[in-house]
file model22.txt (compact mmCIF, C-alpha atoms)
# COMPACT_ATOMS: atom_id res chain seq x y z
CA MET A 109 11.26 7.23 5.97
CA LYS A 110 12.80 5.30 3.05
CA PRO A 111 13.44 1.68 3.92
CA GLN A 112 17.09 0.81 3.84
CA ILE A 113 19.46 -1.98 4.55
CA ARG A 114 21.31 -1.15 7.72
CA SER A 115 22.22 -2.56 11.07
CA LEU A 116 19.60 -2.02 13.68
CA PRO A 117 20.68 -0.26 16.85
CA LEU A 118 20.27 -3.36 18.96
CA ASN A 119 22.27 -1.81 21.78
CA GLY A 120 20.73 1.61 21.35
CA VAL A 121 20.92 3.76 24.41
CA GLN A 122 17.29 4.71 24.59
CA MET A 123 15.69 1.85 22.73
CA THR A 124 13.89 -0.64 24.89
CA MET A 125 12.01 -3.75 23.95
CA GLN A 126 8.71 -3.99 25.66
CA LYS A 127 7.03 -7.15 24.60
CA THR A 128 8.27 -10.24 22.88
CA GLU A 129 6.43 -13.13 21.32
CA THR A 130 7.64 -15.92 19.05
CA ILE A 131 5.45 -17.80 16.60
CA ASN A 132 6.31 -20.96 14.67
CA ILE A 133 5.71 -20.89 10.94
CA GLN A 134 5.18 -24.43 9.68
CA SER A 135 1.98 -24.24 7.65
CA SER A 136 -0.20 -21.92 5.61
CA GLY A 137 -2.46 -21.62 8.67
CA ASP A 138 0.48 -20.30 10.71
CA VAL A 139 0.88 -17.46 8.20
CA VAL A 140 -2.67 -16.44 9.13
CA LEU A 141 -1.75 -16.58 12.83
CA VAL A 142 1.28 -14.36 12.20
CA ARG A 143 -0.91 -11.80 10.46
CA GLN A 144 -3.37 -11.78 13.36
CA ALA A 145 -0.63 -11.44 16.01
CA VAL A 146 1.07 -8.59 14.11
CA ARG A 147 -2.27 -6.83 13.72
CA LEU A 148 -2.97 -7.07 17.46
CA LEU A 149 0.41 -5.58 18.39
CA ALA A 150 0.13 -2.85 15.74
CA VAL A 151 -3.24 -1.83 17.15
CA GLU A 152 -1.87 -1.94 20.68
CA ILE A 153 1.00 0.39 19.76
CA GLY A 154 -1.49 2.77 18.22
CA PHE A 155 -0.64 2.41 14.51
CA GLY A 156 -3.13 4.03 12.15
CA LEU A 157 -5.05 1.83 9.73
CA VAL A 158 -2.64 2.33 6.81
CA ASP A 159 0.42 1.59 8.97
CA GLN A 160 -1.30 -1.49 10.38
CA THR A 161 -2.09 -2.69 6.87
CA LYS A 162 1.49 -2.12 5.71
CA ILE A 163 3.17 -4.01 8.54
CA VAL A 164 0.64 -6.86 8.41
CA THR A 165 1.09 -7.18 4.64
CA ALA A 166 4.89 -7.14 4.96
CA ALA A 167 4.63 -9.78 7.72
CA SER A 168 2.42 -11.91 5.51
CA GLU A 169 4.92 -11.79 2.63
CA LEU A 170 7.88 -12.64 4.86
CA ALA A 171 6.04 -15.40 6.72
CA ARG A 172 5.15 -16.98 3.40
CA ASN A 173 8.78 -16.75 2.27
CA THR A 174 9.88 -18.41 5.51
CA LEU A 175 7.42 -21.21 4.81
CA ASP A 176 7.87 -21.63 1.04
CA TYR A 177 11.58 -21.00 0.62
CA GLY A 178 12.96 -21.59 4.12
CA GLY A 179 10.97 -24.74 4.75
CA GLY A 180 9.43 -23.20 7.85
CA GLY A 181 10.89 -21.25 10.73
CA THR A 182 9.95 -18.70 13.33
CA VAL A 183 9.06 -15.06 13.69
CA LYS A 184 9.83 -12.97 16.74
CA LEU A 185 7.55 -10.00 17.36
CA GLU A 186 8.84 -7.15 19.52
CA THR A 187 7.35 -3.82 20.40
CA LEU A 188 9.97 -1.08 20.68
CA GLN A 189 10.17 2.23 22.39
CA GLU A 190 12.81 4.76 21.39
CA GLY A 191 12.34 8.03 23.19
CA ARG A 192 8.78 8.93 22.41
CA ARG A 193 8.28 6.86 19.31
CA ARG A 194 7.03 3.34 19.32
CA GLY A 195 7.61 0.65 16.79
CA LEU A 196 7.26 -2.96 15.89
CA ARG A 197 10.17 -5.20 14.99
CA LEU A 198 9.67 -8.55 13.30
CA THR A 199 12.49 -11.06 12.96
CA PHE A 200 11.90 -13.98 10.59
CA GLU A 201 14.34 -16.88 10.82
CA ASP A 202 14.64 -20.15 8.98
CA ARG A 203 17.24 -22.87 8.60
CA GLY A 204 16.52 -23.37 4.93
CA PRO A 205 18.85 -23.36 1.94
CA GLY A 206 19.73 -19.67 2.26
CA ILE A 207 19.86 -17.07 -0.51
CA PRO A 208 22.96 -17.18 -2.75
CA ASP A 209 22.45 -13.71 -4.25
CA ILE A 210 20.61 -11.33 -1.95
CA GLU A 211 20.71 -8.41 -4.36
CA LEU A 212 19.04 -10.52 -7.01
CA ALA A 213 16.46 -11.82 -4.52
CA LEU A 214 15.58 -8.20 -3.69
CA LYS A 215 14.82 -7.34 -7.31
CA ASP A 216 11.17 -6.82 -8.19
CA GLY A 217 9.82 -9.75 -10.12
CA PHE A 218 12.66 -12.14 -9.31
CA THR A 219 11.53 -15.50 -8.01
CA THR A 220 12.85 -19.02 -7.82
CA GLY A 221 9.40 -20.30 -6.97
CA SER A 222 5.95 -19.88 -8.42
CA GLY A 223 5.22 -16.52 -6.83
CA LEU A 224 5.18 -13.07 -8.33
CA GLY A 225 8.62 -12.15 -7.01
CA MET A 226 7.28 -9.17 -5.08
CA GLY A 227 7.42 -10.55 -1.54
CA LEU A 228 10.91 -9.62 -0.37
CA SER A 229 11.25 -6.36 -2.28
CA GLY A 230 7.69 -5.40 -1.41
CA ALA A 231 8.17 -6.11 2.29
CA LYS A 232 11.30 -3.95 2.21
CA ARG A 233 9.32 -1.06 0.73
CA LEU A 234 6.58 -1.46 3.34
CA ALA A 235 9.00 -1.25 6.28
CA ASN A 236 10.96 1.70 7.68
CA GLU A 237 14.00 -0.46 8.41
CA PHE A 238 15.00 -3.66 6.70
CA GLU A 239 17.86 -6.04 7.22
CA ILE A 240 18.59 -9.40 5.67
CA GLN A 241 21.25 -11.95 6.54
CA SER A 242 21.57 -15.21 4.71
CA ALA A 243 24.14 -17.97 4.37
CA VAL A 244 23.85 -20.74 1.81
CA GLY A 245 23.11 -24.02 3.53
CA GLU A 246 22.47 -22.35 6.87
CA GLY A 247 19.40 -20.23 6.62
CA THR A 248 18.00 -16.75 6.36
CA ARG A 249 17.08 -14.01 8.79
CA VAL A 250 15.01 -11.00 7.78
CA ILE A 251 14.35 -8.15 10.19
CA ILE A 252 11.87 -5.35 9.56
CA VAL A 253 10.87 -2.42 11.73
CA ARG A 254 7.96 -0.08 11.28
CA TRP A 255 7.74 3.01 13.47
CA LYS A 256 4.59 4.80 14.39
CA MET B 247 -14.03 -28.53 4.82
CA GLU B 248 -14.15 -24.75 4.67
CA ARG B 249 -15.51 -23.27 1.42
CA ILE B 250 -16.13 -19.85 0.04
CA PRO B 251 -19.76 -19.59 -1.13
CA ILE B 252 -20.50 -18.68 -4.73
CA LEU B 253 -23.87 -16.99 -5.34
CA LYS B 254 -25.61 -16.72 -8.68
CA MET B 255 -27.07 -13.30 -9.46
CA GLY B 256 -28.71 -13.29 -12.87
CA ASN B 257 -25.98 -13.83 -15.43
CA PHE B 258 -23.24 -13.33 -12.89
CA LEU B 259 -21.57 -15.18 -10.08
CA LEU B 260 -20.78 -13.38 -6.84
CA VAL B 261 -17.92 -14.51 -4.63
CA THR B 262 -17.50 -12.76 -1.30
CA ILE B 263 -14.17 -13.46 0.34
CA GLN B 264 -14.59 -12.92 4.05
CA VAL B 265 -12.08 -15.25 5.63
CA ASP B 266 -8.32 -15.32 5.71
CA MET B 267 -7.18 -17.01 2.52
CA TYR B 268 -4.79 -19.96 2.61
CA ASP B 269 -3.59 -22.37 -0.07
CA GLY B 270 -6.20 -25.11 0.34
CA LEU B 271 -9.09 -22.68 0.42
CA ALA B 272 -7.82 -20.88 -2.66
CA MET B 273 -7.54 -24.13 -4.61
CA THR B 274 -11.08 -25.14 -3.59
CA LEU B 275 -12.38 -21.75 -4.69
CA GLN B 276 -10.71 -22.01 -8.11
CA ASP B 277 -12.21 -25.49 -8.55
CA ASP B 278 -15.69 -24.51 -7.38
CA LEU B 279 -15.76 -21.34 -9.43
CA THR B 280 -14.72 -22.90 -12.73
CA ASN B 281 -17.33 -25.65 -12.17
CA ARG B 282 -20.03 -23.09 -11.45
CA ILE B 283 -19.13 -21.09 -14.56
CA ALA B 284 -19.50 -24.25 -16.64
CA GLN B 285 -22.79 -25.20 -14.92
CA THR B 286 -24.47 -21.82 -14.99
CA GLN B 287 -22.87 -20.49 -18.19
CA ALA B 288 -22.28 -17.25 -16.34
CA HIS B 289 -20.54 -14.55 -18.33
CA GLY B 290 -19.36 -12.50 -15.38
CA VAL B 291 -17.73 -13.07 -12.01
CA LEU B 292 -17.72 -10.50 -9.22
CA ILE B 293 -15.21 -11.00 -6.45
CA ASP B 294 -16.03 -8.92 -3.40
CA ILE B 295 -12.94 -8.32 -1.25
CA SER B 296 -14.41 -5.60 0.97
CA ALA B 297 -13.98 -7.84 4.01
CA LEU B 298 -10.26 -8.42 3.36
CA ASP B 299 -8.04 -6.25 5.53
CA ILE B 300 -4.93 -7.09 3.55
CA VAL B 301 -4.13 -8.22 0.02
CA ASP B 302 -0.64 -9.67 -0.27
CA SER B 303 1.07 -11.10 -3.33
CA PHE B 304 -0.40 -14.54 -2.54
CA ILE B 305 -3.97 -13.24 -2.75
CA GLY B 306 -2.99 -11.06 -5.70
CA ARG B 307 -1.85 -14.18 -7.52
CA ILE B 308 -5.08 -16.03 -6.67
CA LEU B 309 -7.18 -13.14 -8.00
CA ALA B 310 -5.13 -13.00 -11.19
CA ASN B 311 -5.47 -16.77 -11.66
CA ILE B 312 -9.23 -16.65 -11.17
CA ALA B 313 -9.52 -13.82 -13.69
CA ARG B 314 -7.46 -15.77 -16.23
CA MET B 315 -9.37 -19.01 -15.72
CA SER B 316 -12.71 -17.23 -16.03
CA ARG B 317 -11.52 -15.49 -19.17
CA VAL B 318 -10.69 -18.83 -20.76
CA MET B 319 -14.22 -19.95 -19.89
CA ASP B 320 -15.76 -16.88 -21.51
CA ALA B 321 -16.52 -15.05 -18.28
CA GLN B 322 -15.19 -11.68 -17.24
CA THR B 323 -14.00 -10.93 -13.72
CA VAL B 324 -14.33 -7.74 -11.74
CA VAL B 325 -12.79 -7.38 -8.29
CA VAL B 326 -14.85 -5.05 -6.12
CA GLY B 327 -14.75 -3.35 -2.74
CA MET B 328 -11.05 -2.96 -2.03
CA GLN B 329 -10.48 -0.97 1.17
CA PRO B 330 -8.50 2.27 0.72
CA ALA B 331 -5.71 1.21 3.13
CA VAL B 332 -5.38 -2.03 1.19
CA ALA B 333 -5.08 -0.15 -2.11
CA ILE B 334 -2.35 2.12 -0.70
CA THR B 335 -0.42 -0.87 0.62
CA LEU B 336 -0.86 -2.90 -2.53
CA VAL B 337 0.70 -0.21 -4.71
CA GLU B 338 3.64 0.22 -2.33
CA LEU B 339 4.08 -3.54 -2.27
CA GLY B 340 4.47 -3.29 -6.04
CA LEU B 341 1.34 -5.12 -7.14
CA SER B 342 -0.81 -3.29 -9.64
CA LEU B 343 -3.16 -6.22 -10.35
CA THR B 344 -2.57 -5.78 -14.06
CA GLY B 345 -5.22 -7.48 -16.11
CA ILE B 346 -7.78 -7.45 -13.32
CA ARG B 347 -10.69 -5.07 -13.64
CA THR B 348 -11.86 -3.36 -10.48
CA ALA B 349 -14.90 -1.41 -9.32
CA LEU B 350 -15.66 0.39 -6.07
CA ASN B 351 -18.56 -1.82 -5.04
CA VAL B 352 -20.75 -4.72 -6.17
CA GLU B 353 -23.29 -2.42 -7.81
CA LYS B 354 -20.68 -0.61 -9.91
CA GLY B 355 -19.03 -3.92 -10.69
CA MET B 356 -22.31 -5.31 -12.02
CA ALA B 357 -22.86 -2.20 -14.12
CA LEU B 358 -19.35 -2.59 -15.55
CA LEU B 359 -19.96 -6.25 -16.39
CA ARG B 360 -23.33 -5.48 -17.97
CA SER B 361 -21.96 -2.73 -20.18
CA SER B 362 -19.00 -4.80 -21.31
CA LEU B 363 -21.29 -7.77 -22.02
CA ASN B 364 -23.61 -5.52 -24.06
CA GLU B 365 -20.63 -4.32 -26.04
CA THR B 366 -19.63 -7.88 -26.78
CA THR B 367 -23.19 -8.78 -27.74
CA ASN B 368 -23.42 -5.75 -30.02
CA GLN B 369 -20.12 -6.65 -31.64
CA VAL B 370 -21.31 -10.19 -32.19
CA ALA B 371 -24.60 -8.87 -33.62
CA ALA B 372 -22.72 -6.44 -35.88
CA THR B 373 -20.43 -9.17 -37.11
CA LYS B 374 -23.40 -11.40 -37.78
CA TRP B 375 -25.14 -8.55 -39.64
CA ARG B 376 -22.09 -8.02 -41.83
CA ALA B 377 -21.86 -11.75 -42.42
CA ASP B 378 -25.53 -11.84 -43.48
CA ASP B 379 -24.87 -8.88 -45.77
CA ASP B 380 -21.95 -10.64 -47.36
CA ALA B 381 -24.05 -13.75 -47.85
CA GLU B 382 -26.66 -11.77 -49.80
CA ASP B 383 -24.06 -10.33 -52.20
call {"tool": "encode", "arguments": {"input": "model22.txt", "output": "structure tokens"}}
result
Amino acid sequence: MKPQIRSLPLNGVQMTMQKTETINIQSSGDVVLVRQAVRLLAVEIGFGLVDQTKIVTAASELARNTLDYGGGGTVKLETLQEGRRRGLRLTFEDRGPGIPDIELALKDGFTTGSGLGMGLSGAKRLANEFEIQSAVGEGTRVIIVRWK
Amino acid sequence: MERIPILKMGNFLLVTIQVDMYDGLAMTLQDDLTNRIAQTQAHGVLIDISALDIVDSFIGRILANIARMSRVMDAQTVVVGMQPAVAITLVELGLSLTGIRTALNVEKGMALLRSSLNETTNQVAATKWRADDDAED
């Protein structure tokens, strides 16, 4: 159950996406909308209260990063089914400045802004799967999955 | 404009956060609260977060800022009512809310504030007593 950086089985044999929704993140109010949408899907999938809280908190951190560091972007919400287990995948994308040193950005307490530096590393801990792609000058994509 | 109400209860101020926090609202709250502390000369601030279903690092930072500002204005802050699922998530997120005192509910929070204020008062009294003693010598 440890979160790890790895490629997601996008072409997995049994994995199917069931529901997709994309939300724009352009303001602090949109971060609230993201939290509400993630909560709704998590409830729908049947996540327990702690799992709901974890995925919503992770989504909140990443949405805020998209806004503060990426200059805004989008999040794609997908419910997944793999065999019997269900999950929620969130893909955050921005066309911001990108992250020059991802390992450093993933360190607890590291920040280039005014935050606490817990957002990215914390979101990684709260997810079952975590993937980050970033190119300087092009943007950043963060994908997290939490399984029920 | 949306505002978070601040209630006065005896020597203390009670802030109940019930809505989703965003930047503007947080700034307004910090403004309002520091003004109310100055106005009422309150020595304690209780922040009730029992209605919050998540606490992320943004809210964590706001709570820490409020506690620090209040401290500078001679008021102590206690955060009360955190939901169990929020506490579990907060620790995994890596936030320990260092420097923020917590209590299970408003009642326990008030008791905590009262006892720590009494201690301070006693210390002040004791210091004064010693000072008076010294003066007599």
call {"tool": "interface_residues", "arguments": {"input": "model22.txt", "of": "chain B", "to": "chain A", "cutoff": "7 Å", "atoms": "only C-alpha atoms", "output": "ChimeraX atom specification"}}
result
/B:266,268-269,300,302-303,331-332,335,338-340
call {"tool": "atom_distance", "arguments": {"input": "model22.txt", "atom1": "atom CA of Thr280 of chain B", "atom2": "atom CA of Met319 of chain B"}}
result
7.8 Å
call {"tool": "residues_near_point", "arguments": {"input": "model22.txt", "point": "(-10.4, -3.3, 1.2)", "cutoff": "10 Å", "atoms": "all atoms listed in the file", "output": "ChimeraX atom specification"}}
result
/B:294-301,326-334,350
call {"tool": "residues_around", "arguments": {"input": "model22.txt", "residues": "Gly179 of chain A", "least_positions_apart": "5", "cutoff": "10 Å", "atoms": "all atoms listed in the file", "output": "ChimeraX atom specification"}}
result
/A:133-135,172-174,202-205,247
call {"tool": "atom_distance", "arguments": {"input": "model22.txt", "atom1": "atom CA of Ile131 of chain A", "atom2": "atom CA of Lys256 of chain A"}}
result
22.7 Å
call {"tool": "atom_distance", "arguments": {"input": "model22.txt", "atom1": "atom CA of Arg254 of chain A", "atom2": "atom CA of Glu237 of chain A"}}
result
6.7 Å
call {"tool": "residues_around", "arguments": {"input": "model22.txt", "residues": "Thr128 of chain A", "least_positions_apart": "6", "cutoff": "8 Å", "atoms": "all atoms listed in the file", "output": "NGL selection string"}}
result
:A and (184-187)
call {"tool": "residues_near_point", "arguments": {"input": "model22.txt", "point": "(10.2, -2.5, 15.8)", "cutoff": "6 Å", "atoms": "only C-alpha atoms", "output": "PDB file with C-alpha atoms, in the coordinates of the input"}}
result
ATOM      1  CA  THR A 187       7.350  -3.820  20.400  1.00  0.00           C
ATOM      2  CA  LEU A 188       9.970  -1.080  20.680  1.00  0.00           C
ATOM      3  CA  GLY A 195       7.610   0.650  16.790  1.00  0.00           C
ATOM      4  CA  LEU A 196       7.260  -2.960  15.890  1.00  0.00           C
ATOM      5  CA  ARG A 197      10.170  -5.200  14.990  1.00  0.00           C
ATOM      6  CA  VAL A 253      10.870  -2.420  11.730  1.00  0.00           C
ATOM      7  CA  ARG A 254       7.960  -0.080  11.280  1.00  0.00           C
TER       8      ARG A 254
END
call {"tool": "closest_residue", "arguments": {"input": "model22.txt", "among": "A:Glu129, A:Leu170, A:Gly221, A:Glu152", "to": "Ile240 of chain A", "atoms": "all atoms listed in the file"}}
result
A:Leu170
call {"tool": "residues_around", "arguments": {"input": "model22.txt", "residues": "Val325 of chain B", "least_positions_apart": "3", "cutoff": "12 Å", "atoms": "only C-alpha atoms", "output": "PyMOL selection string"}}
result
chain B and resi 259-263+290-296+298+305-306+308-310+312-313+322+328-329+343-356+358-359
call {"tool": "residues_around", "arguments": {"input": "model22.txt", "residues": "Ala243 of chain A", "least_positions_apart": "2", "cutoff": "10 Å", "atoms": "all atoms listed in the file", "output": "PyMOL selection string"}}
result
chain A and resi 203-210+241+245-249
call {"tool": "closest_residue", "arguments": {"input": "model22.txt", "among": "A:Ile252, A:Val244, A:Ala235, A:Val142", "to": "Gly181 of chain A", "atoms": "all atoms listed in the file"}}
result
A:Val142
call {"tool": "axis_aligned_box", "arguments": {"input": "model22.txt", "around": "segment 308-311 of chain B", "padding_each_side": "3 Å", "output": "JSON"}}
result
{"center_x": -6.1, "center_y": -14.9, "center_z": -9.2, "size_x": 8.1, "size_y": 9.8, "size_z": 11.0}
call {"tool": "build_atoms", "arguments": {"input": "model22.txt", "residues": "segment 329-340 of chain B", "atoms": "all heavy atoms", "output": "PDB file, keeping the file's coordinate frame"}}
result
ATOM      1  N   GLN B 329     -10.576  -2.039   0.168  1.00  0.00           N
ATOM      2  CA  GLN B 329     -10.480  -0.970   1.170  1.00  0.00           C
ATOM      3  C   GLN B 329      -9.348  -0.014   0.799  1.00  0.00           C
ATOM      4  O   GLN B 329      -8.330  -0.449   0.269  1.00  0.00           O
ATOM      5  CB  GLN B 329     -10.195  -1.569   2.550  1.00  0.00           C
ATOM      6  CG  GLN B 329     -11.324  -2.400   3.107  1.00  0.00           C
ATOM      7  CD  GLN B 329     -10.954  -3.020   4.448  1.00  0.00           C
ATOM      8  OE1 GLN B 329      -9.998  -2.591   5.099  1.00  0.00           O
ATOM      9  NE2 GLN B 329     -11.686  -4.033   4.847  1.00  0.00           N
ATOM     10  N   PRO B 330      -9.527   1.289   1.077  1.00  0.00           N
ATOM     11  CA  PRO B 330      -8.500   2.270   0.720  1.00  0.00           C
ATOM     12  C   PRO B 330      -7.104   1.938   1.277  1.00  0.00           C
ATOM     13  O   PRO B 330      -6.114   2.032   0.547  1.00  0.00           O
ATOM     14  CB  PRO B 330      -9.020   3.571   1.343  1.00  0.00           C
ATOM     15  CG  PRO B 330     -10.499   3.394   1.400  1.00  0.00           C
ATOM     16  CD  PRO B 330     -10.742   1.934   1.628  1.00  0.00           C
ATOM     17  N   ALA B 331      -7.019   1.519   2.535  1.00  0.00           N
ATOM     18  CA  ALA B 331      -5.710   1.210   3.130  1.00  0.00           C
ATOM     19  C   ALA B 331      -5.060   0.029   2.404  1.00  0.00           C
ATOM     20  O   ALA B 331      -3.833  -0.038   2.260  1.00  0.00           O
ATOM     21  CB  ALA B 331      -5.847   0.900   4.615  1.00  0.00           C
ATOM     22  N   VAL B 332      -5.890  -0.879   1.931  1.00  0.00           N
ATOM     23  CA  VAL B 332      -5.380  -2.030   1.190  1.00  0.00           C
ATOM     24  C   VAL B 332      -4.823  -1.583  -0.165  1.00  0.00           C
ATOM     25  O   VAL B 332      -3.760  -2.027  -0.595  1.00  0.00           O
ATOM     26  CB  VAL B 332      -6.492  -3.099   0.988  1.00  0.00           C
ATOM     27  CG1 VAL B 332      -6.019  -4.210   0.067  1.00  0.00           C
ATOM     28  CG2 VAL B 332      -6.913  -3.675   2.333  1.00  0.00           C
ATOM     29  N   ALA B 333      -5.532  -0.656  -0.803  1.00  0.00           N
ATOM     30  CA  ALA B 333      -5.080  -0.150  -2.110  1.00  0.00           C
ATOM     31  C   ALA B 333      -3.738   0.556  -1.968  1.00  0.00           C
ATOM     32  O   ALA B 333      -2.815   0.329  -2.766  1.00  0.00           O
ATOM     33  CB  ALA B 333      -6.133   0.788  -2.687  1.00  0.00           C
ATOM     34  N   ILE B 334      -3.602   1.384  -0.940  1.00  0.00           N
ATOM     35  CA  ILE B 334      -2.350   2.120  -0.700  1.00  0.00           C
ATOM     36  C   ILE B 334      -1.201   1.124  -0.516  1.00  0.00           C
ATOM     37  O   ILE B 334      -0.128   1.253  -1.109  1.00  0.00           O
ATOM     38  CB  ILE B 334      -2.479   3.006   0.567  1.00  0.00           C
ATOM     39  CG1 ILE B 334      -3.473   4.138   0.321  1.00  0.00           C
ATOM     40  CG2 ILE B 334      -1.119   3.565   0.980  1.00  0.00           C
ATOM     41  CD1 ILE B 334      -3.835   4.931   1.569  1.00  0.00           C
ATOM     42  N   THR B 335      -1.448   0.113   0.305  1.00  0.00           N
ATOM     43  CA  THR B 335      -0.420  -0.870   0.620  1.00  0.00           C
ATOM     44  C   THR B 335      -0.044  -1.707  -0.607  1.00  0.00           C
ATOM     45  O   THR B 335       1.123  -1.996  -0.852  1.00  0.00           O
ATOM     46  CB  THR B 335      -0.906  -1.789   1.757  1.00  0.00           C
ATOM     47  OG1 THR B 335      -1.242  -0.971   2.874  1.00  0.00           O
ATOM     48  CG2 THR B 335       0.153  -2.781   2.158  1.00  0.00           C
ATOM     49  N   LEU B 336      -1.058  -2.054  -1.364  1.00  0.00           N
ATOM     50  CA  LEU B 336      -0.860  -2.900  -2.530  1.00  0.00           C
ATOM     51  C   LEU B 336       0.081  -2.248  -3.550  1.00  0.00           C
ATOM     52  O   LEU B 336       0.976  -2.885  -4.105  1.00  0.00           O
ATOM     53  CB  LEU B 336      -2.226  -3.150  -3.177  1.00  0.00           C
ATOM     54  CG  LEU B 336      -2.375  -4.325  -4.090  1.00  0.00           C
ATOM     55  CD1 LEU B 336      -2.183  -5.608  -3.315  1.00  0.00           C
ATOM     56  CD2 LEU B 336      -3.736  -4.315  -4.738  1.00  0.00           C
ATOM     57  N   VAL B 337      -0.122  -0.946  -3.744  1.00  0.00           N
ATOM     58  CA  VAL B 337       0.700  -0.210  -4.710  1.00  0.00           C
ATOM     59  C   VAL B 337       2.145  -0.125  -4.200  1.00  0.00           C
ATOM     60  O   VAL B 337       3.101  -0.333  -4.945  1.00  0.00           O
ATOM     61  CB  VAL B 337       0.112   1.184  -4.979  1.00  0.00           C
ATOM     62  CG1 VAL B 337       1.082   2.027  -5.791  1.00  0.00           C
ATOM     63  CG2 VAL B 337      -1.215   1.050  -5.715  1.00  0.00           C
ATOM     64  N   GLU B 338       2.295   0.132  -2.892  1.00  0.00           N
ATOM     65  CA  GLU B 338       3.640   0.220  -2.330  1.00  0.00           C
ATOM     66  C   GLU B 338       4.328  -1.143  -2.367  1.00  0.00           C
ATOM     67  O   GLU B 338       5.539  -1.242  -2.565  1.00  0.00           O
ATOM     68  CB  GLU B 338       3.571   0.747  -0.900  1.00  0.00           C
ATOM     69  CG  GLU B 338       4.901   1.338  -0.450  1.00  0.00           C
ATOM     70  CD  GLU B 338       4.743   2.227   0.773  1.00  0.00           C
ATOM     71  OE1 GLU B 338       3.746   2.962   0.844  1.00  0.00           O
ATOM     72  OE2 GLU B 338       5.619   2.174   1.642  1.00  0.00           O
ATOM     73  N   LEU B 339       3.538  -2.182  -2.191  1.00  0.00           N
ATOM     74  CA  LEU B 339       4.080  -3.540  -2.270  1.00  0.00           C
ATOM     75  C   LEU B 339       4.600  -3.825  -3.686  1.00  0.00           C
ATOM     76  O   LEU B 339       5.514  -4.609  -3.873  1.00  0.00           O
ATOM     77  CB  LEU B 339       2.971  -4.539  -1.902  1.00  0.00           C
ATOM     78  CG  LEU B 339       3.297  -6.017  -1.890  1.00  0.00           C
ATOM     79  CD1 LEU B 339       4.313  -6.339  -0.817  1.00  0.00           C
ATOM     80  CD2 LEU B 339       2.038  -6.840  -1.668  1.00  0.00           C
ATOM     81  N   GLY B 340       4.020  -3.126  -4.664  1.00  0.00           N
ATOM     82  CA  GLY B 340       4.470  -3.290  -6.040  1.00  0.00           C
ATOM     83  C   GLY B 340       3.516  -4.096  -6.900  1.00  0.00           C
ATOM     84  O   GLY B 340       3.837  -4.459  -8.020  1.00  0.00           O
TER      85      GLY B 340
END
